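Visitor: Next comes the structure file final08.pdb, holding PDB, C-alpha atoms and all ligand atoms.
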```pdb
ATOM      1  CA  MET A   1      -0.882 -19.000  -8.982
ATOM      2  CA  THR A   2       1.423 -20.968  -6.702
ATOM      3  CA  ASP A   3       4.303 -19.084  -5.168
ATOM      4  CA  LEU A   4       7.902 -19.022  -6.332
ATOM      5  CA  GLN A   5       8.695 -22.019  -4.119
ATOM      6  CA  GLY A   6       5.619 -23.835  -5.420
ATOM      7  CA  THR A   7       3.997 -24.450  -2.042
ATOM      8  CA  THR A   8       1.380 -22.085  -0.583
ATOM      9  CA  GLU A   9      -1.165 -20.276  -2.728
ATOM     10  CA  ALA A  10      -0.193 -16.596  -3.028
ATOM     11  CA  LEU A  11      -2.853 -13.860  -2.941
ATOM     12  CA  VAL A  12      -0.867 -11.570  -5.239
ATOM     13  CA  SER A  13       2.022 -12.637  -7.460
ATOM     14  CA  VAL A  14       4.251 -10.388  -9.506
ATOM     15  CA  ARG A  15       6.294 -11.880 -12.331
ATOM     16  CA  ASN A  16       9.050 -10.189 -14.333
ATOM     17  CA  LEU A  17       7.437  -6.791 -13.950
ATOM     18  CA  THR A  18       9.080  -4.006 -15.922
ATOM     19  CA  ARG A  19       8.101  -0.367 -16.251
ATOM     20  CA  THR A  20      10.006   2.060 -18.410
ATOM     21  CA  PHE A  21       9.197   5.770 -18.605
ATOM     22  CA  ASP A  22      10.200   7.793 -21.621
ATOM     23  CA  VAL A  23      11.725  11.107 -20.685
ATOM     24  CA  LYS A  24      11.131  13.686 -23.378
ATOM     25  CA  GLY A  25      12.628  17.107 -23.706
ATOM     26  CA  GLY A  26      13.745  19.820 -26.068
ATOM     27  CA  GLN A  27      11.684  22.018 -28.326
ATOM     28  CA  PHE A  28      10.102  19.129 -30.232
ATOM     29  CA  GLY A  29       9.592  16.750 -27.307
ATOM     30  CA  GLN A  30      12.276  14.382 -28.502
ATOM     31  CA  LEU A  31      12.953  11.224 -26.513
ATOM     32  CA  ARG A  32      15.861  12.184 -24.269
ATOM     33  CA  SER A  33      16.281   9.068 -22.194
ATOM     34  CA  GLN A  34      14.411   6.293 -20.465
ATOM     35  CA  VAL A  35      13.893   5.669 -16.755
ATOM     36  CA  HIS A  36      13.770   2.014 -15.783
ATOM     37  CA  ALA A  37      11.435   2.347 -12.790
ATOM     38  CA  LEU A  38      10.904  -1.417 -12.494
ATOM     39  CA  GLN A  39      13.285  -4.025 -13.833
ATOM     40  CA  ASP A  40      12.273  -7.687 -13.823
ATOM     41  CA  VAL A  41      10.543  -7.639 -10.428
ATOM     42  CA  SER A  42       9.087 -10.946  -9.173
ATOM     43  CA  PHE A  43       7.652 -11.797  -5.743
ATOM     44  CA  ASP A  44       4.589 -13.180  -3.969
ATOM     45  CA  VAL A  45       2.360 -11.817  -1.241
ATOM     46  CA  PHE A  46       0.622 -14.428   0.874
ATOM     47  CA  PRO A  47      -2.827 -14.101   2.457
ATOM     48  CA  GLY A  48      -2.699 -12.259   5.788
ATOM     49  CA  GLU A  49       0.942 -11.241   5.545
ATOM     50  CA  THR A  50       2.592  -7.855   5.620
ATOM     51  CA  LEU A  51       5.290  -7.521   3.003
ATOM     52  CA  SER A  52       7.281  -4.332   3.347
ATOM     53  CA  ILE A  53       8.966  -2.732   0.365
ATOM     54  CA  VAL A  54      11.858  -0.585   1.456
ATOM     55  CA  GLY A  55      14.154   1.619  -0.589
ATOM     56  CA  GLU A  56      15.265   5.144  -1.203
ATOM     57  CA  SER A  57      13.218   7.723  -3.055
ATOM     58  CA  GLY A  58      13.061   6.954  -6.773
ATOM     59  CA  SER A  59      13.735   3.226  -6.339
ATOM     60  CA  GLY A  60      10.412   2.321  -7.967
ATOM     61  CA  ARG A  61       8.255   1.507  -4.939
ATOM     62  CA  SER A  62       5.242   3.674  -5.902
ATOM     63  CA  THR A  63       5.365   2.450  -9.490
ATOM     64  CA  LEU A  64       5.272  -1.077  -8.102
ATOM     65  CA  GLY A  65       2.350  -0.357  -5.752
ATOM     66  CA  MET A  66       0.373   1.394  -8.480
ATOM     67  CA  SER A  67       1.035  -1.465 -10.920
ATOM     68  CA  LEU A  68      -0.454  -3.961  -8.460
ATOM     69  CA  LEU A  69      -3.675  -1.962  -8.448
ATOM     70  CA  GLN A  70      -3.673  -1.300 -12.170
ATOM     71  CA  LEU A  71      -3.340   2.440 -11.538
ATOM     72  CA  THR A  72      -0.404   2.443 -13.920
ATOM     73  CA  HIS A  73       0.258   0.039 -16.716
ATOM     74  CA  PRO A  74       3.518  -1.919 -16.667
ATOM     75  CA  THR A  75       5.688  -2.205 -19.770
ATOM     76  CA  SER A  76       5.898  -5.989 -19.477
ATOM     77  CA  GLY A  77       5.381  -8.807 -17.005
ATOM     78  CA  SER A  78       2.321  -9.998 -15.118
ATOM     79  CA  VAL A  79       0.442  -9.367 -11.876
ATOM     80  CA  TRP A  80      -1.663 -12.236 -10.615
ATOM     81  CA  TYR A  81      -4.523 -11.758  -8.176
ATOM     82  CA  ARG A  82      -6.489 -14.826  -7.152
ATOM     83  CA  GLY A  83      -5.101 -16.808 -10.067
ATOM     84  CA  LYS A  84      -5.806 -14.230 -12.772
ATOM     85  CA  ASP A  85      -3.378 -11.985 -14.658
ATOM     86  CA  ILE A  86      -5.030  -8.649 -13.903
ATOM     87  CA  ILE A  87      -2.949  -6.761 -16.453
ATOM     88  CA  LYS A  88      -5.150  -8.425 -19.060
ATOM     89  CA  ASN A  89      -8.311  -7.231 -17.275
ATOM     90  CA  THR A  90     -10.984  -5.358 -19.171
ATOM     91  CA  ALA A  91     -12.070  -1.967 -17.745
ATOM     92  CA  ALA A  92     -15.178  -3.617 -16.275
ATOM     93  CA  GLU A  93     -13.110  -6.362 -14.646
ATOM     94  CA  ASN A  94     -10.810  -3.692 -13.174
ATOM     95  CA  ARG A  95     -13.762  -1.843 -11.681
ATOM     96  CA  ALA A  96     -15.041  -5.031 -10.059
ATOM     97  CA  MET A  97     -11.572  -5.903  -8.753
ATOM     98  CA  ARG A  98     -10.745  -2.441  -7.343
ATOM     99  CA  ARG A  99     -12.924  -2.843  -4.290
ATOM    100  CA  HIS A 100     -10.725  -5.706  -3.125
ATOM    101  CA  LEU A 101      -7.385  -4.014  -3.762
ATOM    102  CA  GLN A 102      -7.009  -0.609  -2.133
ATOM    103  CA  ILE A 103      -4.283   1.964  -1.542
ATOM    104  CA  VAL A 104      -3.437   4.469   1.184
ATOM    105  CA  PHE A 105      -1.218   7.387   0.125
ATOM    106  CA  GLN A 106       1.260   9.519   1.993
ATOM    107  CA  ASP A 107      -0.777  12.716   1.975
ATOM    108  CA  PRO A 108      -4.303  12.242   3.349
ATOM    109  CA  PHE A 109      -5.283  15.785   2.365
ATOM    110  CA  SER A 110      -4.762  14.960  -1.303
ATOM    111  CA  THR A 111      -6.943  11.840  -0.929
ATOM    112  CA  LEU A 112      -9.807  13.561   0.876
ATOM    113  CA  ASN A 113     -12.026  15.939  -1.053
ATOM    114  CA  PRO A 114     -11.672  19.328   0.742
ATOM    115  CA  ARG A 115     -15.361  20.068   0.149
ATOM    116  CA  ALA A 116     -16.675  16.744   1.494
ATOM    117  CA  THR A 117     -17.155  15.811   5.146
ATOM    118  CA  VAL A 118     -15.381  12.746   6.514
ATOM    119  CA  GLY A 119     -18.779  11.048   6.787
ATOM    120  CA  SER A 120     -19.613  11.539   3.129
ATOM    121  CA  ALA A 121     -16.091  10.482   2.065
ATOM    122  CA  ILE A 122     -16.672   7.139   3.789
ATOM    123  CA  ALA A 123     -20.318   6.854   2.740
ATOM    124  CA  LEU A 124     -19.470   7.220  -0.944
ATOM    125  CA  PRO A 125     -17.605   3.898  -1.442
ATOM    126  CA  LEU A 126     -20.151   2.122   0.789
ATOM    127  CA  LEU A 127     -23.019   3.192  -1.461
ATOM    128  CA  HIS A 128     -21.020   2.857  -4.676
ATOM    129  CA  HIS A 129     -20.116  -0.782  -3.980
ATOM    130  CA  GLY A 130     -23.538  -1.657  -2.579
ATOM    131  CA  LEU A 131     -22.094  -2.314   0.881
ATOM    132  CA  ALA A 132     -24.757  -0.137   2.503
ATOM    133  CA  THR A 133     -28.159   1.297   1.630
ATOM    134  CA  ARG A 134     -29.459   4.838   2.241
ATOM    135  CA  GLU A 135     -31.033   3.450   5.434
ATOM    136  CA  THR A 136     -27.960   1.649   6.783
ATOM    137  CA  VAL A 137     -25.165   3.932   5.561
ATOM    138  CA  ARG A 138     -25.007   6.197   8.618
ATOM    139  CA  ASP A 139     -24.577   3.267  11.010
ATOM    140  CA  ARG A 140     -21.899   1.784   8.737
ATOM    141  CA  VAL A 141     -20.051   5.125   8.621
ATOM    142  CA  HIS A 142     -20.106   5.295  12.443
ATOM    143  CA  ALA A 143     -18.821   1.713  12.669
ATOM    144  CA  ILE A 144     -15.955   2.467  10.277
ATOM    145  CA  LEU A 145     -15.084   5.707  12.096
ATOM    146  CA  SER A 146     -14.918   3.691  15.297
ATOM    147  CA  ASP A 147     -12.777   1.012  13.581
ATOM    148  CA  VAL A 148     -10.231   3.658  12.573
ATOM    149  CA  GLY A 149     -10.269   5.237  16.032
ATOM    150  CA  LEU A 150     -12.406   8.312  15.330
ATOM    151  CA  GLY A 151     -15.619   9.122  17.198
ATOM    152  CA  PRO A 152     -18.982   9.564  15.436
ATOM    153  CA  LEU A 153     -18.673  13.376  15.656
ATOM    154  CA  PHE A 154     -15.946  13.256  12.994
ATOM    155  CA  GLU A 155     -18.706  12.430  10.526
ATOM    156  CA  ASN A 156     -19.422  16.155  10.098
ATOM    157  CA  ARG A 157     -15.833  17.401   9.988
ATOM    158  CA  TYR A 158     -14.172  18.741   6.869
ATOM    159  CA  PRO A 159     -10.543  17.862   6.066
ATOM    160  CA  TYR A 160      -9.310  21.370   7.002
ATOM    161  CA  GLU A 161     -10.685  20.770  10.509
ATOM    162  CA  LEU A 162      -8.441  17.738  11.021
ATOM    163  CA  SER A 163      -4.856  17.301  12.220
ATOM    164  CA  GLY A 164      -2.480  15.327   9.994
ATOM    165  CA  GLY A 165      -2.998  12.190  12.078
ATOM    166  CA  GLN A 166      -6.790  12.528  12.172
ATOM    167  CA  ALA A 167      -6.814  13.097   8.403
ATOM    168  CA  GLN A 168      -4.783   9.929   7.832
ATOM    169  CA  TRP A 169      -7.197   7.986  10.084
ATOM    170  CA  ALA A 170     -10.110   9.327   8.049
ATOM    171  CA  ALA A 171      -8.270   8.590   4.784
ATOM    172  CA  ILE A 172      -7.750   4.977   5.924
ATOM    173  CA  GLY A 173     -11.495   4.763   6.604
ATOM    174  CA  ARG A 174     -12.232   5.074   2.886
ATOM    175  CA  PRO A 175     -10.393   1.963   1.651
ATOM    176  CA  ILE A 176     -11.494   0.101   4.774
ATOM    177  CA  ALA A 177     -15.121   0.887   3.880
ATOM    178  CA  CYS A 178     -14.609  -1.086   0.647
ATOM    179  CA  GLU A 179     -13.961  -4.234   2.722
ATOM    180  CA  PRO A 180     -10.794  -4.984   0.753
ATOM    181  CA  GLU A 181      -8.548  -8.020   0.917
ATOM    182  CA  PHE A 182      -5.305  -6.313   0.034
ATOM    183  CA  ILE A 183      -4.040  -2.830   0.877
ATOM    184  CA  VAL A 184      -1.002  -1.052  -0.490
ATOM    185  CA  SER A 185       0.220   1.529   1.988
ATOM    186  CA  ASP A 186       2.458   3.915   0.043
ATOM    187  CA  GLU A 187       4.499   5.769   2.682
ATOM    188  CA  ALA A 188       1.258   6.323   4.603
ATOM    189  CA  ILE A 189       3.174   7.262   7.744
ATOM    190  CA  SER A 190       6.192   9.056   6.279
ATOM    191  CA  ALA A 191       4.838  12.601   6.602
ATOM    192  CA  LEU A 192       3.540  12.208  10.171
ATOM    193  CA  ASP A 193       5.093  12.889  13.587
ATOM    194  CA  VAL A 194       6.809   9.876  15.118
ATOM    195  CA  SER A 195       4.139   9.473  17.839
ATOM    196  CA  VAL A 196       1.349   9.582  15.240
ATOM    197  CA  GLN A 197       3.307   7.140  13.022
ATOM    198  CA  ALA A 198       3.220   4.594  15.842
ATOM    199  CA  GLN A 199      -0.538   5.079  16.269
ATOM    200  CA  ILE A 200      -1.192   4.592  12.553
ATOM    201  CA  ILE A 201       0.969   1.463  12.528
ATOM    202  CA  ASN A 202      -0.949   0.108  15.522
ATOM    203  CA  LEU A 203      -4.216   0.878  13.744
ATOM    204  CA  LEU A 204      -3.087  -0.934  10.581
ATOM    205  CA  VAL A 205      -1.991  -3.958  12.647
ATOM    206  CA  ASP A 206      -5.339  -4.017  14.501
ATOM    207  CA  LEU A 207      -7.316  -3.729  11.252
ATOM    208  CA  GLN A 208      -5.246  -6.538   9.776
ATOM    209  CA  GLU A 209      -5.953  -8.799  12.741
ATOM    210  CA  LYS A 210      -9.687  -8.000  12.791
ATOM    211  CA  ARG A 211     -10.224  -8.220   9.043
ATOM    212  CA  GLY A 212      -7.568 -10.658   7.875
ATOM    213  CA  LEU A 213      -6.036  -8.032   5.565
ATOM    214  CA  THR A 214      -2.925  -8.496   3.464
ATOM    215  CA  TYR A 215      -0.540  -5.529   3.225
ATOM    216  CA  LEU A 216       2.125  -4.288   0.893
ATOM    217  CA  PHE A 217       3.737  -1.704   3.113
ATOM    218  CA  ILE A 218       5.963   0.794   1.292
ATOM    219  CA  ALA A 219       8.464   2.639   3.470
ATOM    220  CA  HIS A 220      11.861   4.241   3.138
ATOM    221  CA  ASP A 221      13.694   2.722   6.071
ATOM    222  CA  LEU A 222      14.005  -0.737   7.503
ATOM    223  CA  SER A 223      12.807   0.090  11.030
ATOM    224  CA  VAL A 224       9.228  -0.567   9.970
ATOM    225  CA  VAL A 225      10.200  -3.970   8.570
ATOM    226  CA  ARG A 226      11.413  -5.034  11.967
ATOM    227  CA  HIS A 227       8.297  -3.571  13.552
ATOM    228  CA  ILE A 228       5.362  -4.978  11.601
ATOM    229  CA  SER A 229       6.426  -7.098   8.648
ATOM    230  CA  ASP A 230       6.365 -10.803   8.028
ATOM    231  CA  ARG A 231       8.860 -10.214   5.227
ATOM    232  CA  GLY A 232      10.753  -7.278   3.827
ATOM    233  CA  ALA A 233      11.920  -6.593   0.291
ATOM    234  CA  VAL A 234      14.730  -4.152  -0.385
ATOM    235  CA  MET A 235      14.444  -2.197  -3.636
ATOM    236  CA  LYS A 236      17.226  -0.408  -5.423
ATOM    237  CA  ALA A 237      16.979   1.243  -8.837
ATOM    238  CA  GLY A 238      13.879  -0.704  -9.868
ATOM    239  CA  ARG A 239      15.054  -4.111  -8.677
ATOM    240  CA  ILE A 240      14.415  -6.174  -5.565
ATOM    241  CA  VAL A 241      17.915  -6.870  -4.294
ATOM    242  CA  GLU A 242      16.840  -8.954  -1.320
ATOM    243  CA  ILE A 243      13.625 -10.349   0.159
ATOM    244  CA  ASP A 244      13.470 -12.228   3.445
ATOM    245  CA  VAL A 245      11.992 -12.492   6.943
ATOM    246  CA  PRO A 246      13.112  -9.645   9.262
ATOM    247  CA  GLN A 247      15.269 -11.885  11.457
ATOM    248  CA  ARG A 248      17.441 -12.918   8.519
ATOM    249  CA  LEU A 249      17.403  -9.487   6.849
ATOM    250  CA  PHE A 250      18.799  -7.955  10.013
ATOM    251  CA  THR A 251      21.159 -10.671  11.203
ATOM    252  CA  ASN A 252      22.424 -11.998   7.904
ATOM    253  CA  PRO A 253      21.812  -9.518   5.081
ATOM    254  CA  GLN A 254      23.081 -10.862   1.770
ATOM    255  CA  ASP A 255      23.235  -7.663  -0.203
ATOM    256  CA  ALA A 256      25.634  -4.767   0.374
ATOM    257  CA  TYR A 257      22.779  -2.280  -0.113
ATOM    258  CA  THR A 258      20.687  -3.985   2.605
ATOM    259  CA  ARG A 259      23.684  -3.744   4.916
ATOM    260  CA  ALA A 260      23.979  -0.033   4.180
ATOM    261  CA  LEU A 261      20.235   0.467   4.887
ATOM    262  CA  ILE A 262      20.530  -1.411   8.185
ATOM    263  CA  ALA A 263      23.455   0.770   9.229
ATOM    264  CA  ALA A 264      21.227   3.809   8.602
ATOM    265  CA  THR A 265      18.162   2.393  10.406
ATOM    266  CA  PRO A 266      17.010   3.797  13.755
ATOM    267  CA  VAL A 267      16.356   1.077  16.329
ATOM    268  CA  PHE A 268      12.803   0.670  17.653
ATOM    269  CA  GLU A 269      11.446  -1.873  20.069
ATOM    270  CA  ASP A 270       9.425  -4.740  18.632
ATOM    271  CA  ARG A 271       5.710  -4.343  19.211
ATOM    272  CA  ARG A 272       4.734  -7.721  17.877
ATOM    273  CA  SER A 273       6.162 -10.861  19.379
ATOM    274  CA  ARG A 274       6.204 -13.597  16.792
TER     275      ARG A 274
HETATM  276  N1  LIG B 301       5.003   9.319 -14.636
HETATM  277  C1  LIG B 301       6.339   9.260 -14.663
HETATM  278  N2  LIG B 301       7.041   9.750 -15.726
HETATM  279  C2  LIG B 301       8.387   9.693 -15.776
HETATM  280  N3  LIG B 301       9.138   9.109 -14.812
HETATM  281  C3  LIG B 301       8.500   8.604 -13.743
HETATM  282  C4  LIG B 301       7.084   8.639 -13.608
HETATM  283  N4  LIG B 301       6.740   8.051 -12.426
HETATM  284  C5  LIG B 301       7.893   7.666 -11.850
HETATM  285  N5  LIG B 301       8.961   7.982 -12.631
HETATM  286  C6  LIG B 301      10.382   7.701 -12.358
HETATM  287  O1  LIG B 301      10.501   6.324 -12.046
HETATM  288  C7  LIG B 301      11.410   6.128 -10.976
HETATM  289  C8  LIG B 301      10.702   5.433  -9.833
HETATM  290  O2  LIG B 301       9.735   6.312  -9.275
HETATM  291  P1  LIG B 301       8.775   5.908  -8.061
HETATM  292  O3  LIG B 301       8.132   4.606  -8.369
HETATM  293  O4  LIG B 301       7.892   7.066  -7.787
HETATM  294  O5  LIG B 301       9.838   5.714  -6.874
HETATM  295  P2  LIG B 301       9.623   5.717  -5.274
HETATM  296  O6  LIG B 301       8.181   5.594  -4.991
HETATM  297  O7  LIG B 301      10.438   4.578  -4.783
HETATM  298  O8  LIG B 301      10.183   7.031  -4.807
HETATM  299  C9  LIG B 301      11.943   7.501 -10.607
HETATM  300  O9  LIG B 301      13.161   7.693 -11.287
HETATM  301  C10 LIG B 301      10.879   8.431 -11.125
HETATM  302  O10 LIG B 301      11.419   9.686 -11.447
HETATM  303 MG    MG B 302       6.894   6.836  -3.897
END
```
Would you mind writing the structure in this file as structure tokens?
Guide:
Amino acid sequence: MTDLQGTTEALVSVRNLTRTFDVKGGQFGQLRSQVHALQDVSFDVFPGETLSIVGESGSGRSTLGMSLLQLTHPTSGSVWYRGKDIIKNTAAENRAMRRHLQIVFQDPFSTLNPRATVGSAIALPLLHHGLATRETVRDRVHAILSDVGLGPLFENRYPYELSGGQAQWAAIGRPIACEPEFIVSDEAISALDVSVQAQIINLLVDLQEKRGLTYLFIAHDLSVVRHISDRGAVMKAGRIVEIDVPQRLFTNPQDAYTRALIAATPVFEDRRSR
């Protein structure tokens, strides 16, 4: 699908996406109200770019990220990946597509199986997707551990033996093992110490450069947009109120809500010079 401006080919396109949750209550589970988690959301993500989605808790960012990966089904609208509306995918088509579209969550300990070593957590997708054989899997696991900044000895560690940062590194190793094209990072750094946040961001930037990855980077404040994004989208109550390159978002915000977010944003130095 061509992008909204009709020029470059987008990798992922979202059109008029809506997701409504029924809220039930009472003794008989009557419909009490509806939550409009996504309301007519449309945007494109271009190959190799980082698009940040910023907004307060409850603004619909996770619902959006999960919809892009078909982990939740939207109420209406379409999601295009490589020219195909993936909402119409069959279960088999979804399974084949999943390897290419991956997600990193906020809490690595909920992603990692507490009874599986880091090595086996990474080996599993490699074997499942036929990206390694029994003979080659150990070398591939070591290569991926090294890519995410962990030494080969982490292969035998269990999640409870890891710090929060190390666990998030290991958790990033799993989607990376799938050799994806597109990664949704859903507040992957929000629960970590500031120093570890910077390391994870640097890791994601390095992986992107090495592997030509495309990111949808969900965060709650705009500092990260300035730091790593090619573009930032501001979400409020299920709608994108503004989407633009960081320079314009910061110097000439069009929406009152963006201005309020900027006023509340801590200032970091730019790591990337563009
Ligand atoms: N499974 C669900 N059932 C009912 N409401 C939900 C469900 N998932 C999300 N919501 C509601 O949808 C809105 C958006 O949620 P979410 O996408 O998780 O926001 P964010 O990730 O920005 O915090 C919130 O009001 C939330 O309570
Ligand atoms: Mg969320």
Visitor: Around ligand LIG 301 (chain B), at most 10 Å away and counting all atoms listed in the file, which residues are there? Put them as a PyMOL selection string, please.
Guide: chain A and resi 19-24+34-38+53-67+72+186-187+218-220+235-238
Visitor: Write out, as a PDB file, keeping the file's coordinate frame, the residues just selected, with C-alpha atoms.
Guide:
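Written output follows (out06.pdb):
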```
ATOM      1  CA  ARG A  19       8.101  -0.367 -16.251  1.00  0.00           C
ATOM      2  CA  THR A  20      10.006   2.060 -18.410  1.00  0.00           C
ATOM      3  CA  PHE A  21       9.197   5.770 -18.605  1.00  0.00           C
ATOM      4  CA  ASP A  22      10.200   7.793 -21.621  1.00  0.00           C
ATOM      5  CA  VAL A  23      11.725  11.107 -20.685  1.00  0.00           C
ATOM      6  CA  LYS A  24      11.131  13.686 -23.378  1.00  0.00           C
ATOM      7  CA  GLN A  34      14.411   6.293 -20.465  1.00  0.00           C
ATOM      8  CA  VAL A  35      13.893   5.669 -16.755  1.00  0.00           C
ATOM      9  CA  HIS A  36      13.770   2.014 -15.783  1.00  0.00           C
ATOM     10  CA  ALA A  37      11.435   2.347 -12.790  1.00  0.00           C
ATOM     11  CA  LEU A  38      10.904  -1.417 -12.494  1.00  0.00           C
ATOM     12  CA  ILE A  53       8.966  -2.732   0.365  1.00  0.00           C
ATOM     13  CA  VAL A  54      11.858  -0.585   1.456  1.00  0.00           C
ATOM     14  CA  GLY A  55      14.154   1.619  -0.589  1.00  0.00           C
ATOM     15  CA  GLU A  56      15.265   5.144  -1.203  1.00  0.00           C
ATOM     16  CA  SER A  57      13.218   7.723  -3.055  1.00  0.00           C
ATOM     17  CA  GLY A  58      13.061   6.954  -6.773  1.00  0.00           C
ATOM     18  CA  SER A  59      13.735   3.226  -6.339  1.00  0.00           C
ATOM     19  CA  GLY A  60      10.412   2.321  -7.967  1.00  0.00           C
ATOM     20  CA  ARG A  61       8.255   1.507  -4.939  1.00  0.00           C
ATOM     21  CA  SER A  62       5.242   3.674  -5.902  1.00  0.00           C
ATOM     22  CA  THR A  63       5.365   2.450  -9.490  1.00  0.00           C
ATOM     23  CA  LEU A  64       5.272  -1.077  -8.102  1.00  0.00           C
ATOM     24  CA  GLY A  65       2.350  -0.357  -5.752  1.00  0.00           C
ATOM     25  CA  MET A  66       0.373   1.394  -8.480  1.00  0.00           C
ATOM     26  CA  SER A  67       1.035  -1.465 -10.920  1.00  0.00           C
ATOM     27  CA  THR A  72      -0.404   2.443 -13.920  1.00  0.00           C
ATOM     28  CA  ASP A 186       2.458   3.915   0.043  1.00  0.00           C
ATOM     29  CA  GLU A 187       4.499   5.769   2.682  1.00  0.00           C
ATOM     30  CA  ILE A 218       5.963   0.794   1.292  1.00  0.00           C
ATOM     31  CA  ALA A 219       8.464   2.639   3.470  1.00  0.00           C
ATOM     32  CA  HIS A 220      11.861   4.241   3.138  1.00  0.00           C
ATOM     33  CA  MET A 235      14.444  -2.197  -3.636  1.00  0.00           C
ATOM     34  CA  LYS A 236      17.226  -0.408  -5.423  1.00  0.00           C
ATOM     35  CA  ALA A 237      16.979   1.243  -8.837  1.00  0.00           C
ATOM     36  CA  GLY A 238      13.879  -0.704  -9.868  1.00  0.00           C
TER      37      GLY A 238
END
```
Visitor: Which residues, named as in the file, does the PyMOL selection byres (((chain A and resi 137) around 12) and not hetatm) pick out? Answer as a PDB file with C-alpha atoms, in the frame of the given file.
Guide:
```pdb
ATOM      1  CA  GLY A 119     -18.779  11.048   6.787  1.00  0.00           C
ATOM      2  CA  SER A 120     -19.613  11.539   3.129  1.00  0.00           C
ATOM      3  CA  ALA A 121     -16.091  10.482   2.065  1.00  0.00           C
ATOM      4  CA  ILE A 122     -16.672   7.139   3.789  1.00  0.00           C
ATOM      5  CA  ALA A 123     -20.318   6.854   2.740  1.00  0.00           C
ATOM      6  CA  LEU A 124     -19.470   7.220  -0.944  1.00  0.00           C
ATOM      7  CA  PRO A 125     -17.605   3.898  -1.442  1.00  0.00           C
ATOM      8  CA  LEU A 126     -20.151   2.122   0.789  1.00  0.00           C
ATOM      9  CA  LEU A 127     -23.019   3.192  -1.461  1.00  0.00           C
ATOM     10  CA  HIS A 128     -21.020   2.857  -4.676  1.00  0.00           C
ATOM     11  CA  HIS A 129     -20.116  -0.782  -3.980  1.00  0.00           C
ATOM     12  CA  GLY A 130     -23.538  -1.657  -2.579  1.00  0.00           C
ATOM     13  CA  LEU A 131     -22.094  -2.314   0.881  1.00  0.00           C
ATOM     14  CA  ALA A 132     -24.757  -0.137   2.503  1.00  0.00           C
ATOM     15  CA  THR A 133     -28.159   1.297   1.630  1.00  0.00           C
ATOM     16  CA  ARG A 134     -29.459   4.838   2.241  1.00  0.00           C
ATOM     17  CA  GLU A 135     -31.033   3.450   5.434  1.00  0.00           C
ATOM     18  CA  THR A 136     -27.960   1.649   6.783  1.00  0.00           C
ATOM     19  CA  ARG A 138     -25.007   6.197   8.618  1.00  0.00           C
ATOM     20  CA  ASP A 139     -24.577   3.267  11.010  1.00  0.00           C
ATOM     21  CA  ARG A 140     -21.899   1.784   8.737  1.00  0.00           C
ATOM     22  CA  VAL A 141     -20.051   5.125   8.621  1.00  0.00           C
ATOM     23  CA  HIS A 142     -20.106   5.295  12.443  1.00  0.00           C
ATOM     24  CA  ALA A 143     -18.821   1.713  12.669  1.00  0.00           C
ATOM     25  CA  ILE A 144     -15.955   2.467  10.277  1.00  0.00           C
ATOM     26  CA  GLU A 155     -18.706  12.430  10.526  1.00  0.00           C
ATOM     27  CA  ALA A 177     -15.121   0.887   3.880  1.00  0.00           C
TER      28      ALA A 177
END
```
Visitor: Translate the PyMOL selection byres (((chain A and resi 106-117) around 6) and not hetatm) into a concrete residue list for this structure, as a PyMOL selection string.
Guide: chain A and resi 105+118-120+156-159+167-168+171+187-188
Visitor: Work out how far atom CA of A:Ala264 is from atom CA of A:Thr251, in Å to one decimal.
Guide: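 Between atom CA of A:Thr251 and atom CA of A:Ala264 the gap is 14.7 Å.
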Visitor: For the PyMOL selection byres (((chain A and resi 228) around 10) and not hetatm), applied here, can you spell out every residue it catches as a list of chain:residue names?
Guide: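 When the PyMOL selection byres (((chain A and resi 228) around 10) and not hetatm) is applied, the selected residues are A:Glu49, A:Thr50, A:Leu51, A:Ser52, A:Ile201, A:Asn202, A:Leu204, A:Val205, A:Phe217, A:Ser223, A:Val224, A:Val225, A:Arg226, A:His227, A:Ser229, A:Asp230, A:Arg231, A:Gly232, A:Pro246, A:Asp270, A:Arg271, A:Arg272, A:Ser273.
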Visitor: One decimal, Å: what's the distance from atom CA of A:Val41 over to atom CA of A:Gly77, could you say?
Guide: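 Going from atom CA of A:Val41 over to atom CA of A:Gly77, I get 8.4 Å.
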Visitor: I'd like the interatomic distance between atom CA of A:His100 and atom CA of A:Pro74, to a tenth of an Å.
Guide: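 About the pair atom CA of A:His100 and atom CA of A:Pro74: they are 20.0 Å apart.
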Visitor: Kindly indicate which residue among A:Val104, A:Asn252, A:Gln247, A:Ala170 lies nearest to A:Phe182, using all atoms listed in the file for the distances.
Guide: A:Val104
Visitor: Applying 9 Å and all atoms listed in the file, which residues near A:Val196 remain after dropping the ones on its own chain fewer than 4 positions away? List them as a PyMOL selection string.
Guide: chain A and resi 164-165+189+192+200-201
Visitor: Taking into account only C-alpha atoms and all ligand atoms, which residue in the set A:Ser185, A:Gln30, A:Gln197, A:Thr75 is nearest to ligand MG 302 (chain B)?
Guide: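 Result for the nearest residue to ligand MG 302 (chain B): A:Ser185.
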Visitor: Could you list as a PDB file with C-alpha atoms, in the frame of the given file every residue that has an atom within 6 Å of (-1.3, -8.9, -9.7), using the file's coordinates and counting all atoms listed in the file?
Guide:
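The file below, result26.pdb, is the result:
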```pdb
ATOM      1  CA  VAL A  12      -0.867 -11.570  -5.239  1.00  0.00           C
ATOM      2  CA  SER A  13       2.022 -12.637  -7.460  1.00  0.00           C
ATOM      3  CA  VAL A  14       4.251 -10.388  -9.506  1.00  0.00           C
ATOM      4  CA  LEU A  68      -0.454  -3.961  -8.460  1.00  0.00           C
ATOM      5  CA  VAL A  79       0.442  -9.367 -11.876  1.00  0.00           C
ATOM      6  CA  TRP A  80      -1.663 -12.236 -10.615  1.00  0.00           C
ATOM      7  CA  TYR A  81      -4.523 -11.758  -8.176  1.00  0.00           C
ATOM      8  CA  ILE A  86      -5.030  -8.649 -13.903  1.00  0.00           C
TER       9      ILE A  86
END
```
